[in-house]
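A.B. asks: I am attaching a structure below and will ask some questions about it afterwards.
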Amino acid sequence: MATQLPPPTKKQKKEAQQPRDIGLVPEGLPNISIKFQALDTGETVGHSLRVPAGITEKQLEELLNQLNGNSDDPVPYTFSCDVPGKRASDPQQTVDIVDTLYSSLLKPGHKTSEDTVTLVFTPKAVFKVRAVTRSSSAIAGHGSTILCSAFAPHTSSRVVTGAGDNTARIWDCDTQTPMAVLSGHTNWVLCVSWCPDGDLIATGSMDNTIRLWESQHGKAEGDALRGHHKWITSLAWEPVHLVKPGERPRLASASKDGTIKIWDTTRRVCLYTLSGHTNSVSCVKWGGQGLLYTGSHDKTVRVWDMKQGGKCINILKNHAHWVNHLSLSSDYALRIGAFDHTGVKPSTPQEAQAKALANYEKVVKKNGTLEELMVTASDDFTMFLWNPTKTTKPLARMTGHQKLVNHVAFSPDGRNIVSASFDNSIKLWDGRDGKFLATFRGHVASVYQVAWSSDCRLLVSCSKDTTLKVWDVRTRKLSVDLPGHKDEVYTVDWSVDGKRVCSGGKDKMVRLWTH
């Protein structure tokens with residue numbers, strides 16, 4: 001028997017009788033004067049223009065490309081406008097222009113046709129990532145549960161995974177074969193991190209050590225880095241644009257013993273030990289302005305200034321339970337370093353540094369100043385959005401999850417935040433003010449991790465329910481369901497060029513997904 005739809009409820013019947021709102025732009029609207037302003041530099045383009053109120057986003061884009069002289073090779077843009085809050089004391093809100101100027105600004109009453117509207121524009125990603133739809137291969141090799149994975153920053157043909165069989169492995173995704181086994185650890189490999197210059201891989205293990213590997217052939221770079229008393233929970237590389245040309249980036253490791261150690265990867269010695277947390281440090285991130293951010297089970301987030309030798313300059317205490325994970329608005333830019341989606345390596349270290357800085361500034365520059373935001377996720381079911389360089393108070397408290405929040409991630413352009421929780425849902429938030437945007441429901445068990453596509457249009461999540469799901473951010477719906485794993489999926493990553501997704505978990509298989 002076919003599934004029958006339930007009869008409409010009282011509420012639905014009542015709503016059906018209400019007059020419907022059709023998105024028509026009324027006739028005879030006056031013209032509006034607008035100005036275009038760049039988000040990153042704050043410079044205005046051209047003078048103020050008179051345009052019809054019913055102008056669409058596409059037409060605004062064409063107009064702006066003509067003003068910039070890019071009509072032959074148009075750049076896609078998104079437009080937003082700052083409007084005052086409801087009351088005089090409220091902060092300014094940012095409204096995105098989605099349809100037409102009329103429906104986004106005039107109809108809700110944010111602006112009138114008398115005002116000069118300043119439209120802030122940001123370029124969208126230059127390329128489109130297609131949703132992955134099939135499992136191109138399941139590669140066996142690990143002898144135990146796969147715990148972590150990471151794609152190379154410059155290519156989708158290499159991925160590294162760490163597992164409970166005490167090894168990490170580099171896989172060749174083009175031939176779908178194991179390329180190298182990184183053996184040396186004597187206990188589970190809990191975290192892997194690929195250096196943003198593409199040459200080194202760091203692995204952190206339950207045996208309290210960190211090991212460095214050369215990424216081409218998987219040879220060990222010397223012996224283990226010893227010093228922590230308990231297992232390694234998280235690793236972070238120094239951003240490429242802060243490294244002097246010709247030197248190797250330093251590595252930060254966080255451990256269950258409550259300390260963070262900074263390692264010189266050339267001399268293989270510990271430079272600093274940052275202590276202060278009173279419990280396990282769960283997550284470490286190295287920001288693009290020389291600050292190190294750490295979240296811990298002692299409910300605090302600490303900010304350390306690496307330019308002052310690792311001095312703790314800020315302690316953010318707002319969470320009521322363990323801090324599980326944190327993400328920076330510049331995460332993606334710091335991960336790719338000097339590369340872009342083409343994966344071409346810069347010829348000189350100086351060029352690499354300049355390119356990495358340009359990648360970084362593209363994301364964090366607002367009106368000529370650098371603004372790096374951070375979001376923290378906790379066992380207290382909430383998240384906080386911070387601007388840690390400016391203030392010790394959070395910009396927003398983000399509530400809505402009904403169980404602990406396990407993973408948060410800023411989108412590559414810093415516009416959105418996505419959070420994964422043990423309440424089976426994934427939530428999408430505005431990355432600028434922490435406003436709630438949407439909930440993605442579909443998983444039937446805890447969601448462990450999420451990964452963005454590099455064009456910010458899609459995200460993929462992995463779950464205890466053995467599936468991966470690809471979500472469309474614009475329509476806020478499920479795009480593709482990816483079954484295939486035979487047990488819980490613990491880790492997922494989307495390659496920088498957008499061609500592949502890798503996942504791994506309890507069934508010991510590395511699965512690669514393509515379109």
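Chain labels run A, B, ... following the order of the structure tokens; each chain numbers its residues from 1, and ligands are numbered from 1 in the order shown.
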So which residues touch Arg226 (chain A) within 8 Å, counting only C-alpha atoms, skipping near sequence neighbours fewer than 3 positions away, as a compact mmCIF listing (two decimals) with all heavy atoms, in the first residue's frame?
C.D. replies:
```txt
# COMPACT_ATOMS: atom_id res chain seq x y z
N ASN A 208 51.79 9.29 23.52
CA ASN A 208 52.33 10.56 24.04
C ASN A 208 53.37 11.22 23.13
O ASN A 208 54.03 12.17 23.56
CB ASN A 208 52.97 10.41 25.43
CG ASN A 208 52.09 9.67 26.41
OD1 ASN A 208 50.93 9.40 26.12
ND2 ASN A 208 52.63 9.33 27.57
N THR A 209 53.55 10.73 21.91
CA THR A 209 54.57 11.33 21.04
C THR A 209 53.94 11.88 19.76
O THR A 209 52.82 11.53 19.41
CB THR A 209 55.64 10.29 20.62
OG1 THR A 209 55.01 9.31 19.79
CG2 THR A 209 56.27 9.64 21.82
N ILE A 210 54.73 12.73 19.10
CA ILE A 210 54.35 13.25 17.79
C ILE A 210 55.44 12.79 16.83
O ILE A 210 56.62 12.80 17.19
CB ILE A 210 54.31 14.80 17.81
CG1 ILE A 210 53.26 15.28 18.79
CG2 ILE A 210 54.03 15.38 16.44
CD1 ILE A 210 53.80 16.21 19.81
```
A.B. asks: Please provide as a PDB file with N, CA, C and O atoms, in the first residue's frame all residues within 6 Å of region 462-477 of chain A, with the sequence filter that same-chain residues fewer than 6 positions apart are discarded (counting only C-alpha atoms).
C.D. replies:
```
ATOM      1  N   ALA A 445      21.507   9.303  13.895  1.00  0.00           N
ATOM      2  CA  ALA A 445      22.352   9.081  15.072  1.00  0.00           C
ATOM      3  C   ALA A 445      23.327  10.252  15.169  1.00  0.00           C
ATOM      4  O   ALA A 445      23.320  11.140  14.318  1.00  0.00           O
ATOM      5  N   SER A 446      24.152  10.237  16.205  1.00  0.00           N
ATOM      6  CA  SER A 446      25.084  11.345  16.448  1.00  0.00           C
ATOM      7  C   SER A 446      25.874  11.722  15.197  1.00  0.00           C
ATOM      8  O   SER A 446      26.324  10.851  14.455  1.00  0.00           O
ATOM      9  N   VAL A 447      26.048  13.028  14.988  1.00  0.00           N
ATOM     10  CA  VAL A 447      26.881  13.514  13.875  1.00  0.00           C
ATOM     11  C   VAL A 447      28.261  13.819  14.442  1.00  0.00           C
ATOM     12  O   VAL A 447      28.392  14.549  15.420  1.00  0.00           O
ATOM     13  N   TYR A 448      29.291  13.249  13.837  1.00  0.00           N
ATOM     14  CA  TYR A 448      30.634  13.381  14.401  1.00  0.00           C
ATOM     15  C   TYR A 448      31.430  14.536  13.809  1.00  0.00           C
ATOM     16  O   TYR A 448      32.132  15.247  14.517  1.00  0.00           O
ATOM     17  N   GLN A 449      31.359  14.689  12.498  1.00  0.00           N
ATOM     18  CA  GLN A 449      32.204  15.711  11.876  1.00  0.00           C
ATOM     19  C   GLN A 449      31.536  16.284  10.637  1.00  0.00           C
ATOM     20  O   GLN A 449      30.676  15.635  10.038  1.00  0.00           O
ATOM     21  N   PRO A 483      25.301   6.227   1.501  1.00  0.00           N
ATOM     22  CA  PRO A 483      25.530   5.040   2.311  1.00  0.00           C
ATOM     23  C   PRO A 483      26.716   4.274   1.750  1.00  0.00           C
ATOM     24  O   PRO A 483      27.162   4.543   0.632  1.00  0.00           O
ATOM     25  N   HIS A 485      29.460   2.786   4.125  1.00  0.00           N
ATOM     26  CA  HIS A 485      30.219   2.262   5.255  1.00  0.00           C
ATOM     27  C   HIS A 485      29.370   1.230   5.989  1.00  0.00           C
ATOM     28  O   HIS A 485      28.144   1.312   6.022  1.00  0.00           O
ATOM     29  N   ASP A 487      29.865   0.565   9.293  1.00  0.00           N
ATOM     30  CA  ASP A 487      29.777   0.902  10.714  1.00  0.00           C
ATOM     31  C   ASP A 487      29.977   2.412  10.859  1.00  0.00           C
ATOM     32  O   ASP A 487      30.109   3.120   9.873  1.00  0.00           O
ATOM     33  N   GLU A 488      30.020   2.878  12.115  1.00  0.00           N
ATOM     34  CA  GLU A 488      30.112   4.312  12.385  1.00  0.00           C
ATOM     35  C   GLU A 488      31.241   4.975  11.593  1.00  0.00           C
ATOM     36  O   GLU A 488      32.309   4.402  11.429  1.00  0.00           O
ATOM     37  N   VAL A 489      30.980   6.202  11.123  1.00  0.00           N
ATOM     38  CA  VAL A 489      31.992   6.957  10.367  1.00  0.00           C
ATOM     39  C   VAL A 489      32.499   8.079  11.273  1.00  0.00           C
ATOM     40  O   VAL A 489      31.722   8.932  11.695  1.00  0.00           O
TER      41      VAL A 489
END
```
A.B. asks: Could you produce a table of the residues of region 161-257 of chain A lying within 12 Å of region 263-287 of chain A, with the nearest pair of atoms per residue and their separation in Å rounded to one decimal, using only C-alpha atoms, ordered by chain and increasing residue number, as a Markdown table?
C.D. replies:
```
| residue | atom | partner | partner_atom | distance |
| --- | --- | --- | --- | --- |
| A:Leu190 | CA | A:Ser282 | CA | 11.6 |
| A:Cys191 | CA | A:Cys283 | CA | 10.7 |
| A:Ser193 | CA | A:Lys285 | CA | 11.5 |
| A:Cys195 | CA | A:Thr265 | CA | 10.8 |
| A:Pro196 | CA | A:Trp286 | CA | 11.9 |
| A:Asp199 | CA | A:Thr265 | CA | 11.7 |
| A:Leu200 | CA | A:Thr265 | CA | 9.4 |
| A:Ile201 | CA | A:Thr265 | CA | 10.9 |
| A:Ala202 | CA | A:Thr265 | CA | 9.8 |
| A:Thr209 | CA | A:Trp263 | CA | 11.9 |
| A:Ile210 | CA | A:Trp263 | CA | 9.8 |
| A:Arg211 | CA | A:Arg268 | CA | 9.9 |
| A:Leu212 | CA | A:Thr265 | CA | 8.0 |
| A:Trp213 | CA | A:Thr265 | CA | 10.6 |
| A:Glu214 | CA | A:Thr265 | CA | 11.6 |
| A:Glu221 | CA | A:Arg268 | CA | 9.1 |
| A:Gly222 | CA | A:Arg268 | CA | 8.2 |
| A:Asp223 | CA | A:Arg268 | CA | 8.7 |
| A:Ala224 | CA | A:Arg268 | CA | 8.8 |
| A:Leu225 | CA | A:Arg268 | CA | 6.9 |
| A:Arg226 | CA | A:Cys270 | CA | 8.7 |
| A:Gly227 | CA | A:Cys270 | CA | 7.9 |
| A:His228 | CA | A:Thr273 | CA | 9.5 |
| A:His229 | CA | A:Ser280 | CA | 11.3 |
| A:Lys230 | CA | A:Ser280 | CA | 9.1 |
| A:Trp231 | CA | A:Ser280 | CA | 9.5 |
| A:Ile232 | CA | A:Val281 | CA | 9.0 |
| A:Thr233 | CA | A:Ser282 | CA | 5.8 |
| A:Ser234 | CA | A:Cys283 | CA | 5.3 |
| A:Leu235 | CA | A:Val284 | CA | 6.4 |
| A:Ala236 | CA | A:Lys285 | CA | 5.5 |
| A:Trp237 | CA | A:Trp286 | CA | 6.6 |
| A:Glu238 | CA | A:Trp286 | CA | 5.9 |
| A:Pro239 | CA | A:Trp286 | CA | 7.0 |
| A:Val240 | CA | A:Trp286 | CA | 10.7 |
| A:His241 | CA | A:Gly287 | CA | 10.8 |
| A:Leu242 | CA | A:Gly287 | CA | 9.8 |
| A:Val243 | CA | A:Asp264 | CA | 11.7 |
| A:Gly246 | CA | A:Thr266 | CA | 11.2 |
| A:Glu247 | CA | A:Thr266 | CA | 8.2 |
| A:Arg248 | CA | A:Thr266 | CA | 6.5 |
| A:Pro249 | CA | A:Thr265 | CA | 7.0 |
| A:Arg250 | CA | A:Asp264 | CA | 5.2 |
| A:Leu251 | CA | A:Trp263 | CA | 5.1 |
| A:Ala252 | CA | A:Trp263 | CA | 6.3 |
| A:Ser253 | CA | A:Val284 | CA | 7.2 |
| A:Ala254 | CA | A:Val281 | CA | 5.7 |
| A:Ser255 | CA | A:Val281 | CA | 5.6 |
| A:Lys256 | CA | A:Ser280 | CA | 4.0 |
| A:Asp257 | CA | A:Ser280 | CA | 5.6 |
```
A.B. asks: I'd like to know which residues of region 65-290 of chain A are alpha helix (DSSP H) (by DSSP, run on the backbone); could you write them as a PDB file with C-alpha atoms, in the first residue's frame?
C.D. replies:
```pdb
ATOM      1  CA  ASN A  65      31.198  44.128 -13.199  1.00  0.00           C
ATOM      2  CA  GLN A  66      30.660  46.912 -15.760  1.00  0.00           C
ATOM      3  CA  LEU A  67      31.830  49.532 -13.254  1.00  0.00           C
ATOM      4  CA  ASN A  68      34.913  47.443 -12.479  1.00  0.00           C
ATOM      5  CA  LEU A 101      16.390  45.126  -3.619  1.00  0.00           C
TER       6      LEU A 101
END
```
A.B. asks: I'd like the neighbourhood of Asp305 (chain A) as number ranges by chain, where a residue qualifies if any of its atoms comes within 10 Å (using only C-alpha atoms), though same-chain residues fewer than 5 positions away should be ignored.
C.D. replies: A: 286-287, 289-293, 310-314
A.B. asks: Could you please determine the separation between CA of Ile97 (chain A) and CA of Phe79 (chain A) in Å, to one decimal place?
C.D. replies: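 Between CA of Ile97 (chain A) and CA of Phe79 (chain A) the gap works out to 5.5 Å.
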A.B. asks: Residues of region 456-512 of chain A that have any atom at most 8 Å from an atom of region 111-133 of chain A: could you tabulate them with the shortest-distance atom pair and the distance in Å to one decimal, using only C-alpha atoms, ordered by chain and increasing number, as CSV?
C.D. replies:
```
residue,atom,partner,partner_atom,distance
A:Cys456,CA,A:Ala125,CA,7.7
A:Arg457,CA,A:Val129,CA,7.7
A:Leu458,CA,A:Ala131,CA,7.1
A:Val470,CA,A:Ala131,CA,7.0
A:Ser479,CA,A:Ala131,CA,7.5
A:Val480,CA,A:Thr133,CA,6.4
A:Asp481,CA,A:Thr133,CA,7.9
A:Leu482,CA,A:Thr133,CA,7.0
A:Asp497,CA,A:Val129,CA,7.8
A:Gly498,CA,A:Val129,CA,5.3
A:Lys499,CA,A:Val129,CA,7.3
A:Arg500,CA,A:Val132,CA,7.1
A:Val501,CA,A:Val132,CA,7.3
```
A.B. asks: Those residues with C-alpha atoms, as a compact mmCIF listing (two decimals), in the first residue's frame please?
C.D. replies:
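The result, written out as result-v4.txt:
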```txt
# COMPACT_ATOMS: atom_id res chain seq x y z
CA CYS A 456 31.12 27.20 0.42
CA ARG A 457 28.06 25.91 -1.42
CA LEU A 458 28.02 22.40 0.00
CA VAL A 470 25.94 16.12 1.44
CA SER A 479 21.66 17.11 -1.58
CA VAL A 480 22.91 13.51 -1.60
CA ASP A 481 22.79 10.62 0.85
CA LEU A 482 25.94 8.48 0.75
CA ASP A 497 40.09 21.28 -5.30
CA GLY A 498 36.66 19.83 -4.49
CA LYS A 499 37.08 16.65 -6.52
CA ARG A 500 36.99 14.12 -3.69
CA VAL A 501 35.70 13.40 -0.23
```
A.B. asks: Determine the nearest neighbour of His319 (chain A) from the options A:Ser347, A:Thr9, A:Thr300, A:Thr491, counting only C-alpha atoms.
C.D. replies: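 With only C-alpha atoms as the atom set, the closest residue is A:Thr300.
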A.B. asks: Rank nothing, just name the residue among A:Asn318, A:Ser215, A:Asn367, A:Ser205 nearest to Met179 (chain A), using only C-alpha atoms.
C.D. replies: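 That would be A:Ser215, the residue with the smallest distance to Met179 (chain A).
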A.B. asks: Quick one: residues within 9 Å of Asp174 (chain A), only C-alpha atoms, excluding same-chain residues fewer than 2 positions away - as a PyMOL selection string?
C.D. replies: chain A and resi 156-158+171-172+176-177
A.B. asks: Write down as a PyMOL selection string the residues belonging to region 280-343 of chain A that are assigned strand (DSSP E or B) by DSSP computed on the backbone.
C.D. replies: chain A and resi 281-286+291-296+301-305+311-316+323-328
A.B. asks: Could you save those same residues with N, CA and C atoms as a PDB file, in the first residue's frame?
C.D. replies:
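So part35.pdb came out as:
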```pdb
ATOM      1  N   VAL A 281      43.649  19.445  27.127  1.00  0.00           N
ATOM      2  CA  VAL A 281      43.445  20.438  26.068  1.00  0.00           C
ATOM      3  C   VAL A 281      42.866  19.691  24.864  1.00  0.00           C
ATOM      4  N   SER A 282      41.677  20.099  24.417  1.00  0.00           N
ATOM      5  CA  SER A 282      40.998  19.298  23.396  1.00  0.00           C
ATOM      6  C   SER A 282      41.287  19.768  21.974  1.00  0.00           C
ATOM      7  N   CYS A 283      41.639  21.031  21.812  1.00  0.00           N
ATOM      8  CA  CYS A 283      41.773  21.544  20.452  1.00  0.00           C
ATOM      9  C   CYS A 283      42.765  22.701  20.432  1.00  0.00           C
ATOM     10  N   VAL A 284      43.600  22.757  19.409  1.00  0.00           N
ATOM     11  CA  VAL A 284      44.529  23.883  19.270  1.00  0.00           C
ATOM     12  C   VAL A 284      44.459  24.395  17.834  1.00  0.00           C
ATOM     13  N   LYS A 285      44.481  25.725  17.677  1.00  0.00           N
ATOM     14  CA  LYS A 285      44.508  26.346  16.351  1.00  0.00           C
ATOM     15  C   LYS A 285      45.535  27.473  16.380  1.00  0.00           C
ATOM     16  N   TRP A 286      46.291  27.608  15.289  1.00  0.00           N
ATOM     17  CA  TRP A 286      47.291  28.676  15.199  1.00  0.00           C
ATOM     18  C   TRP A 286      46.756  29.734  14.244  1.00  0.00           C
ATOM     19  N   LEU A 291      48.644  34.349  16.894  1.00  0.00           N
ATOM     20  CA  LEU A 291      48.029  33.952  18.159  1.00  0.00           C
ATOM     21  C   LEU A 291      47.674  32.472  18.113  1.00  0.00           C
ATOM     22  N   LEU A 292      47.819  31.821  19.254  1.00  0.00           N
ATOM     23  CA  LEU A 292      47.466  30.414  19.362  1.00  0.00           C
ATOM     24  C   LEU A 292      46.213  30.320  20.221  1.00  0.00           C
ATOM     25  N   TYR A 293      45.212  29.575  19.739  1.00  0.00           N
ATOM     26  CA  TYR A 293      43.957  29.443  20.480  1.00  0.00           C
ATOM     27  C   TYR A 293      43.814  28.003  20.949  1.00  0.00           C
ATOM     28  N   THR A 294      43.523  27.800  22.225  1.00  0.00           N
ATOM     29  CA  THR A 294      43.363  26.435  22.724  1.00  0.00           C
ATOM     30  C   THR A 294      42.076  26.314  23.527  1.00  0.00           C
ATOM     31  N   GLY A 295      41.344  25.248  23.291  1.00  0.00           N
ATOM     32  CA  GLY A 295      40.130  24.962  24.055  1.00  0.00           C
ATOM     33  C   GLY A 295      40.389  23.751  24.923  1.00  0.00           C
ATOM     34  N   SER A 296      39.800  23.739  26.118  1.00  0.00           N
ATOM     35  CA  SER A 296      40.172  22.694  27.057  1.00  0.00           C
ATOM     36  C   SER A 296      38.971  22.151  27.825  1.00  0.00           C
ATOM     37  N   VAL A 301      38.860  28.828  27.164  1.00  0.00           N
ATOM     38  CA  VAL A 301      39.637  28.950  25.931  1.00  0.00           C
ATOM     39  C   VAL A 301      40.745  29.944  26.232  1.00  0.00           C
ATOM     40  N   ARG A 302      41.961  29.587  25.917  1.00  0.00           N
ATOM     41  CA  ARG A 302      43.070  30.509  26.170  1.00  0.00           C
ATOM     42  C   ARG A 302      43.665  30.997  24.856  1.00  0.00           C
ATOM     43  N   VAL A 303      44.118  32.245  24.882  1.00  0.00           N
ATOM     44  CA  VAL A 303      44.758  32.839  23.710  1.00  0.00           C
ATOM     45  C   VAL A 303      46.205  33.135  24.089  1.00  0.00           C
ATOM     46  N   TRP A 304      47.133  32.620  23.310  1.00  0.00           N
ATOM     47  CA  TRP A 304      48.572  32.783  23.585  1.00  0.00           C
ATOM     48  C   TRP A 304      49.197  33.584  22.456  1.00  0.00           C
ATOM     49  N   ASP A 305      50.053  34.533  22.815  1.00  0.00           N
ATOM     50  CA  ASP A 305      50.709  35.345  21.782  1.00  0.00           C
ATOM     51  C   ASP A 305      52.076  34.750  21.464  1.00  0.00           C
ATOM     52  N   LYS A 311      53.153  33.960  25.509  1.00  0.00           N
ATOM     53  CA  LYS A 311      52.525  34.511  26.707  1.00  0.00           C
ATOM     54  C   LYS A 311      51.001  34.390  26.599  1.00  0.00           C
ATOM     55  N   CYS A 312      50.347  33.989  27.691  1.00  0.00           N
ATOM     56  CA  CYS A 312      48.890  33.876  27.669  1.00  0.00           C
ATOM     57  C   CYS A 312      48.292  35.274  27.815  1.00  0.00           C
ATOM     58  N   ILE A 313      47.597  35.750  26.781  1.00  0.00           N
ATOM     59  CA  ILE A 313      47.115  37.140  26.824  1.00  0.00           C
ATOM     60  C   ILE A 313      45.621  37.227  27.092  1.00  0.00           C
ATOM     61  N   ASN A 314      44.942  36.082  27.094  1.00  0.00           N
ATOM     62  CA  ASN A 314      43.497  36.154  27.224  1.00  0.00           C
ATOM     63  C   ASN A 314      42.953  34.815  27.690  1.00  0.00           C
ATOM     64  N   ILE A 315      42.025  34.829  28.642  1.00  0.00           N
ATOM     65  CA  ILE A 315      41.339  33.594  29.035  1.00  0.00           C
ATOM     66  C   ILE A 315      39.849  33.846  28.875  1.00  0.00           C
ATOM     67  N   LEU A 316      39.202  33.049  28.020  1.00  0.00           N
ATOM     68  CA  LEU A 316      37.781  33.252  27.749  1.00  0.00           C
ATOM     69  C   LEU A 316      36.993  32.211  28.533  1.00  0.00           C
ATOM     70  N   VAL A 323      35.175  22.370  26.609  1.00  0.00           N
ATOM     71  CA  VAL A 323      35.215  22.925  25.248  1.00  0.00           C
ATOM     72  C   VAL A 323      35.755  21.811  24.346  1.00  0.00           C
ATOM     73  N   ASN A 324      34.932  21.381  23.379  1.00  0.00           N
ATOM     74  CA  ASN A 324      35.296  20.235  22.546  1.00  0.00           C
ATOM     75  C   ASN A 324      36.107  20.606  21.325  1.00  0.00           C
ATOM     76  N   HIS A 325      35.762  21.754  20.741  1.00  0.00           N
ATOM     77  CA  HIS A 325      36.353  22.043  19.440  1.00  0.00           C
ATOM     78  C   HIS A 325      36.278  23.536  19.209  1.00  0.00           C
ATOM     79  N   LEU A 326      37.220  24.080  18.437  1.00  0.00           N
ATOM     80  CA  LEU A 326      37.103  25.479  18.049  1.00  0.00           C
ATOM     81  C   LEU A 326      37.522  25.632  16.598  1.00  0.00           C
ATOM     82  N   SER A 327      37.001  26.691  15.988  1.00  0.00           N
ATOM     83  CA  SER A 327      37.291  26.919  14.577  1.00  0.00           C
ATOM     84  C   SER A 327      37.517  28.408  14.374  1.00  0.00           C
ATOM     85  N   LEU A 328      38.424  28.748  13.468  1.00  0.00           N
ATOM     86  CA  LEU A 328      38.704  30.154  13.146  1.00  0.00           C
ATOM     87  C   LEU A 328      38.093  30.479  11.792  1.00  0.00           C
TER      88      LEU A 328
END
```
A.B. asks: Out of A:Leu395, A:Ile55, A:Thr145, A:Ala220, which residue has the shortest atom-to-atom distance to Lys486 (chain A) when counting only C-alpha atoms?
C.D. replies: A:Thr145
A.B. asks: One decimal, in Å: what's the spacing between CA of Gly414 (chain A) and CA of Gly504 (chain A)?
C.D. replies: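 Taking CA of Gly414 (chain A) as the start and CA of Gly504 (chain A) as the end point, the length is 26.6 Å.
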A.B. asks: Can you pull out every residue within 9 Å of Phe339 (chain A), counting only C-alpha atoms, but drop anything in the same chain fewer than 2 positions away, and send it as an MDAnalysis selection string?
C.D. replies: chainID A and resid 153:154 196:197 336:337 341:346 352 355:356 359
A.B. asks: Quick one: of A:Met374, A:Val492, A:Val510, A:Leu39, who's nearest to Thr392 (chain A), counting only C-alpha atoms?
C.D. replies: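 Ranked by minimum distance to Thr392 (chain A), first place goes to A:Met374.
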A.B. asks: Quick one: everything within 9 Å of Asp413 (chain A), counting only C-alpha atoms, minus sequence neighbours fewer than 3 positions away in the same chain. Send it as a PyMOL selection string.
C.D. replies: chain A and resi 124-125+329-330+332-333+362-364+410+416+454-456
A.B. asks: Could you check how far CA of Ser495 (chain A) sits from CA of Gln350 (chain A), in Å to one decimal?
C.D. replies: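 A separation of 25.6 Å between them.
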